[in-house]
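Read the structure below first, then the notes.
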Amino acid sequence: MRTVARSVGRTPLRVATAPAASRALSVRFFCSHKQHKRIPTTKAGINPGVLGALAAGALAGWYFYSGEPTPSRDSWRKVNFHNVYKDIAALLEDEDYDDGSYGPVFVRLAWHASGTYDRKTGTGGSDGATIRFKPESGHGANAGLDVARARLEPLKKKYPHISYGDLYTLAGVVAVQELGGPTVRWRPGRSDEKVSANCTPDGRLPDAAQGANHVRDIFYRMGFNDQEIAALIGAHALGRCHSTRSGYEGPWNASPTSFTNFFYTELLEDKWVPKKWDGPAQYVDKDTKSFMMLPADIAFKTDPQFRKYVEKYAADQDAFFADFAPAFTKLLELGVKFPEDAPVYEFKTLE
């Protein structure tokens, strides 16, 4: 089941190419702004306080996300992940949510659950799924991700042996592939923390208001190089920012539910000017003012080392896909100690 691309704003609309040539995703990992934290809201009116059955101990800060037993590191052996993939794919389309797809926010959830890794201390990452606990769930960069977790929660109840870490990262893989992106290798075996004690500190995710030096500091901490960073930013082809979450507003391009190389082509081909509004500093395309770029996005155009990869991916979508897939797999696996016999999956998309 490939979701149909939805368009916004610009006419004529660029049409995504056939599945083999234009599968692309958007990890909105720069949609955060420390000075503009808003209370998360959802179009469906979901209250973040009712996401699962929570139990808190007054002294220890125990914070269980659901009433299901916490899976052990070997519980994945009891899960049919092909069925989980299909069920996640069935959750993507929803005409009442954003541009008609939960795919972009699933990608963002997978990224934010994984992108807290620090290779020096060995802390953070998707193992443990601490993103579901306070205070990490309430970090400004994670605003709005309660929507994605609530959407996936019925599958946690249907498949009680899957860990939240595996569920959240697999949801990102499903979204990338079903929205037209490359095949992403994925393997199970993450465990879940039972309490909030190991939540990562605020500030480990990128700040959209910053430039190239900040971007490198964040990604080098995880072990990425410039090429991998430039490939991952291409996920901004998907989705949009929300003023009620990050403080920023708008989509990056006219096909926010198609994984393409449009982030790079738009970045290079359009003229970007500062947006005149009361919100944080961001950019809009000069011609239509329908699309936006974040200050950290613009750094990929102005920094010479990043720009050479932007030019490469703008000219060759296949090259972008080839580099994005292993970089995204690396992101999802940071800090995870997988069982030696954990299988590597390459899921087929649903037609």
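Naming scheme: A, B, ... for chains in displayed order of the structure tokens; residues 1 onward per chain; ligands 1 onward as shown.
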
What are the DSSP strand (DSSP E) residues of segment 46-290 of chain A, as a list of chain:residue names? A:Ala55, A:Ala56, A:Tyr63, A:Phe64, A:Arg240, A:Cys241, A:Gly250, A:Pro251, A:Trp272, A:Val273, A:Pro274, A:Tyr283, A:Val284, A:Asp285

How would the residues just chosen look if you wrote them out with N, CA, C and O atoms as a short mmCIF file (atom, residue, chain, number, x, y, z; two decimals), in the first residue's frame?
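The resulting file, out24.cif, is reproduced below:
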data_model
loop_
_atom_site.label_atom_id
_atom_site.label_comp_id
_atom_site.auth_asym_id
_atom_site.auth_seq_id
_atom_site.Cartn_x
_atom_site.Cartn_y
_atom_site.Cartn_z
N ALA A 55 1.49 4.81 35.55
CA ALA A 55 1.54 4.66 37.01
C ALA A 55 2.82 5.30 37.50
O ALA A 55 3.89 4.96 37.06
N ALA A 56 2.73 6.23 38.44
CA ALA A 56 3.92 6.94 38.91
C ALA A 56 4.12 6.70 40.39
O ALA A 56 3.22 6.85 41.19
N TYR A 63 7.30 5.47 35.93
CA TYR A 63 6.40 6.02 34.92
C TYR A 63 6.17 4.98 33.85
O TYR A 63 6.83 4.94 32.84
N PHE A 64 5.20 4.10 34.06
CA PHE A 64 4.92 3.04 33.09
C PHE A 64 4.03 3.59 31.98
O PHE A 64 3.05 4.27 32.26
N ARG A 240 5.68 18.72 7.62
CA ARG A 240 5.63 20.16 7.82
C ARG A 240 5.94 20.47 9.29
O ARG A 240 5.88 19.60 10.14
N CYS A 241 6.22 21.73 9.55
CA CYS A 241 6.36 22.20 10.92
C CYS A 241 5.04 22.82 11.37
O CYS A 241 4.25 23.30 10.55
N GLY A 250 4.76 25.46 8.42
CA GLY A 250 4.73 25.24 6.98
C GLY A 250 5.45 24.00 6.51
O GLY A 250 6.27 23.41 7.23
N PRO A 251 5.15 23.57 5.26
CA PRO A 251 5.83 22.43 4.65
C PRO A 251 7.09 22.87 3.92
O PRO A 251 7.25 24.06 3.60
N TRP A 272 15.26 32.01 -1.05
CA TRP A 272 14.67 31.97 0.28
C TRP A 272 14.89 33.29 0.99
O TRP A 272 16.01 33.79 1.07
N VAL A 273 13.79 33.85 1.50
CA VAL A 273 13.84 35.15 2.16
C VAL A 273 13.27 35.00 3.58
O VAL A 273 12.45 34.12 3.84
N PRO A 274 13.69 35.85 4.51
CA PRO A 274 13.16 35.78 5.88
C PRO A 274 11.64 35.96 5.90
O PRO A 274 11.10 36.82 5.19
N TYR A 283 12.58 30.90 6.97
CA TYR A 283 12.60 31.42 5.60
C TYR A 283 11.41 30.89 4.82
O TYR A 283 10.89 29.80 5.09
N VAL A 284 10.98 31.67 3.80
CA VAL A 284 9.94 31.25 2.88
C VAL A 284 10.43 31.47 1.46
O VAL A 284 11.31 32.30 1.23
N ASP A 285 9.84 30.71 0.52
CA ASP A 285 10.23 30.92 -0.87
C ASP A 285 9.70 32.28 -1.33
O ASP A 285 8.57 32.67 -1.03
#

Write out as CSV a residue-level contact list of segment 181-238 of chain A versus segment 307-319 of chain A with cut-off 12 Å: for each qualifying residue the closest pair of atoms and the distance in Å to one decimal, counting only C-alpha atoms, rows sorted by chain and residue number upward.
residue,atom,partner,partner_atom,distance
A:Gly181,CA,A:Asp318,CA,10.1
A:Pro182,CA,A:Asp318,CA,8.9
A:Thr183,CA,A:Asp318,CA,11.9
A:Ala212,CA,A:Arg307,CA,10.9
A:Asn225,CA,A:Tyr309,CA,11.8
A:Asp226,CA,A:Tyr309,CA,8.6
A:Gln227,CA,A:Tyr309,CA,6.6
A:Glu228,CA,A:Tyr309,CA,9.4
A:Ile229,CA,A:Tyr309,CA,9.5
A:Ala230,CA,A:Tyr309,CA,6.3
A:Ala231,CA,A:Tyr309,CA,7.7
A:Leu232,CA,A:Val310,CA,11.0
A:Ile233,CA,A:Val310,CA,9.5
A:Gly234,CA,A:Tyr313,CA,8.6
A:Ala235,CA,A:Tyr313,CA,12.0
A:Ala237,CA,A:Ala314,CA,11.7

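The spacing separating atom CA of Val336 of chain A from atom CA of Asp146 of chain A amounts to 23.3 Å.
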
Quick one: residues within 12 Å of Asp341 of chain A, only C-alpha atoms, excluding same-chain residues fewer than 4 positions away - as a PyMOL selection string? chain A and resi 74+76-77+187-189+337

Write a file of the selected residues as an mmCIF file, in the first residue's frame, keeping all heavy atoms.
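Written file, selection26.cif:
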data_model
loop_
_atom_site.group_PDB
_atom_site.id
_atom_site.type_symbol
_atom_site.label_atom_id
_atom_site.label_comp_id
_atom_site.auth_asym_id
_atom_site.auth_seq_id
_atom_site.Cartn_x
_atom_site.Cartn_y
_atom_site.Cartn_z
ATOM 1 N N ASP A 74 14.641 -10.693 24.651
ATOM 2 C CA ASP A 74 14.394 -11.830 23.761
ATOM 3 C C ASP A 74 12.936 -11.963 23.343
ATOM 4 O O ASP A 74 12.584 -12.875 22.598
ATOM 5 C CB ASP A 74 14.829 -13.135 24.447
ATOM 6 C CG ASP A 74 16.342 -13.228 24.587
ATOM 7 O OD1 ASP A 74 17.036 -12.670 23.723
ATOM 8 O OD2 ASP A 74 16.819 -13.850 25.556
ATOM 9 N N TRP A 76 11.247 -10.393 21.250
ATOM 10 C CA TRP A 76 11.042 -10.193 19.827
ATOM 11 C C TRP A 76 10.866 -11.508 19.074
ATOM 12 O O TRP A 76 10.265 -11.549 17.996
ATOM 13 C CB TRP A 76 12.216 -9.414 19.232
ATOM 14 C CG TRP A 76 13.554 -10.102 19.359
ATOM 15 C CD1 TRP A 76 14.453 -9.952 20.365
ATOM 16 C CD2 TRP A 76 14.120 -11.053 18.453
ATOM 17 N NE1 TRP A 76 15.554 -10.737 20.151
ATOM 18 C CE2 TRP A 76 15.383 -11.424 18.979
ATOM 19 C CE3 TRP A 76 13.705 -11.617 17.255
ATOM 20 C CZ2 TRP A 76 16.214 -12.348 18.344
ATOM 21 C CZ3 TRP A 76 14.518 -12.536 16.617
ATOM 22 C CH2 TRP A 76 15.765 -12.885 17.162
ATOM 23 N N ARG A 77 11.385 -12.594 19.641
ATOM 24 C CA ARG A 77 11.283 -13.889 18.968
ATOM 25 C C ARG A 77 9.828 -14.347 18.811
ATOM 26 O O ARG A 77 9.526 -15.205 17.984
ATOM 27 C CB ARG A 77 12.069 -14.947 19.746
ATOM 28 C CG ARG A 77 13.526 -14.604 19.951
ATOM 29 C CD ARG A 77 14.243 -15.649 20.792
ATOM 30 N NE ARG A 77 15.540 -15.172 21.248
ATOM 31 C CZ ARG A 77 16.654 -15.216 20.508
ATOM 32 N NH1 ARG A 77 16.610 -15.720 19.302
ATOM 33 N NH2 ARG A 77 17.795 -14.744 20.994
ATOM 34 N N ARG A 187 16.403 -4.358 12.109
ATOM 35 C CA ARG A 187 16.422 -5.580 12.904
ATOM 36 C C ARG A 187 15.860 -5.327 14.295
ATOM 37 O O ARG A 187 15.959 -4.223 14.831
ATOM 38 C CB ARG A 187 17.832 -6.168 12.996
ATOM 39 C CG ARG A 187 18.893 -5.230 13.491
ATOM 40 C CD ARG A 187 20.256 -5.907 13.523
ATOM 41 N NE ARG A 187 21.328 -4.944 13.702
ATOM 42 C CZ ARG A 187 22.556 -5.266 14.085
ATOM 43 N NH1 ARG A 187 22.861 -6.532 14.347
ATOM 44 N NH2 ARG A 187 23.494 -4.334 14.199
ATOM 45 N N PRO A 188 15.255 -6.349 14.904
ATOM 46 C CA PRO A 188 14.649 -6.221 16.223
ATOM 47 C C PRO A 188 15.629 -6.571 17.334
ATOM 48 O O PRO A 188 16.736 -7.060 17.067
ATOM 49 C CB PRO A 188 13.516 -7.247 16.164
ATOM 50 C CG PRO A 188 14.105 -8.352 15.327
ATOM 51 C CD PRO A 188 14.969 -7.667 14.288
ATOM 52 N N GLY A 189 15.203 -6.337 18.564
ATOM 53 C CA GLY A 189 16.018 -6.723 19.705
ATOM 54 C C GLY A 189 16.218 -5.627 20.724
ATOM 55 O O GLY A 189 16.979 -5.797 21.686
ATOM 56 N N LYS A 337 22.422 -2.939 21.663
ATOM 57 C CA LYS A 337 23.180 -4.190 21.734
ATOM 58 C C LYS A 337 22.254 -5.319 21.277
ATOM 59 O O LYS A 337 21.537 -5.926 22.071
ATOM 60 C CB LYS A 337 23.688 -4.425 23.156
ATOM 61 C CG LYS A 337 24.667 -3.366 23.649
ATOM 62 C CD LYS A 337 25.109 -3.651 25.074
ATOM 63 C CE LYS A 337 26.157 -2.650 25.532
ATOM 64 N NZ LYS A 337 25.645 -1.263 25.531
#

Mind checking DSSP for segment 78-243 of chain A and telling me the alpha helix (DSSP H) residues as an MDAnalysis selection string? chainID A and resid 81:90 103:114 145:158 164:178 212:222 226:232

So how far away is atom CA of Leu167 of chain A from atom CA of His139 of chain A, in Å?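 Those two atoms sit 20.8 Å apart.
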
So that I can check the surroundings of Arg204 of chain A, please list as a list of chain:residue names every protein, DNA and RNA residue that reaches within 8 Å of it, counting only C-alpha atoms and ignoring chain neighbours fewer than 4 positions away. A:Gly115, A:Thr116, A:Tyr117, A:Thr200, A:Ile218

Which distance in Å separates atom CA of Thr329 of chain A and atom CA of Asn142 of chain A, to one decimal? 20.7 Å

Measuring between only C-alpha atoms, which one of A:Leu350, A:Val105, A:Ala342, A:Ala322 shows the shortest distance to Val184 of chain A?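 Of A:Leu350, A:Val105, A:Ala342, A:Ala322, the one nearest Val184 of chain A is A:Ala322, counting only C-alpha atoms.
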
Distance query His242 of chain A at most 9 Å, only C-alpha atoms, self and fewer than 5 positions along chain excluded, as a tab-separated table (two decimals) with N, CA, C and O atoms, in the first residue's frame:
chain	number	residue	atom	x	y	z
A	31	CYS	N	12.82	20.58	13.48
A	31	CYS	CA	11.62	21.35	13.87
A	31	CYS	C	11.59	21.53	15.37
A	31	CYS	O	10.67	21.07	16.03
A	144	GLY	N	4.44	17.28	20.21
A	144	GLY	CA	3.60	16.72	19.16
A	144	GLY	C	3.79	15.25	18.91
A	144	GLY	O	2.98	14.63	18.20
A	247	GLY	N	7.02	25.85	16.97
A	247	GLY	CA	7.08	27.29	16.82
A	247	GLY	C	7.18	27.70	15.36
A	247	GLY	O	6.77	28.80	14.99
A	248	TYR	N	7.71	26.81	14.52
A	248	TYR	CA	7.82	27.07	13.09
A	248	TYR	C	6.54	26.63	12.38
A	248	TYR	O	5.74	25.87	12.92
A	249	GLU	N	6.38	27.08	11.12
A	249	GLU	CA	5.14	26.78	10.43
A	249	GLU	C	5.38	26.55	8.94
A	249	GLU	O	6.10	27.31	8.29
A	250	GLY	N	4.76	25.46	8.42
A	250	GLY	CA	4.73	25.24	6.98
A	250	GLY	C	5.45	24.00	6.51
A	250	GLY	O	6.27	23.41	7.23
A	251	PRO	N	5.15	23.57	5.26
A	251	PRO	CA	5.83	22.43	4.65
A	251	PRO	C	7.09	22.87	3.92
A	251	PRO	O	7.25	24.06	3.60

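For the choices A:Ala281, A:Asp297, A:Leu205, A:Glu136, the atom-to-atom distance to Trp111 of chain A is smallest for A:Leu205 when using only C-alpha atoms.
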
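Distances from A:Thr260, A:Phe338, A:Arg151, A:Thr302 to Phe320 of chain A were compared using only C-alpha atoms, and the smallest one belongs to A:Thr260.
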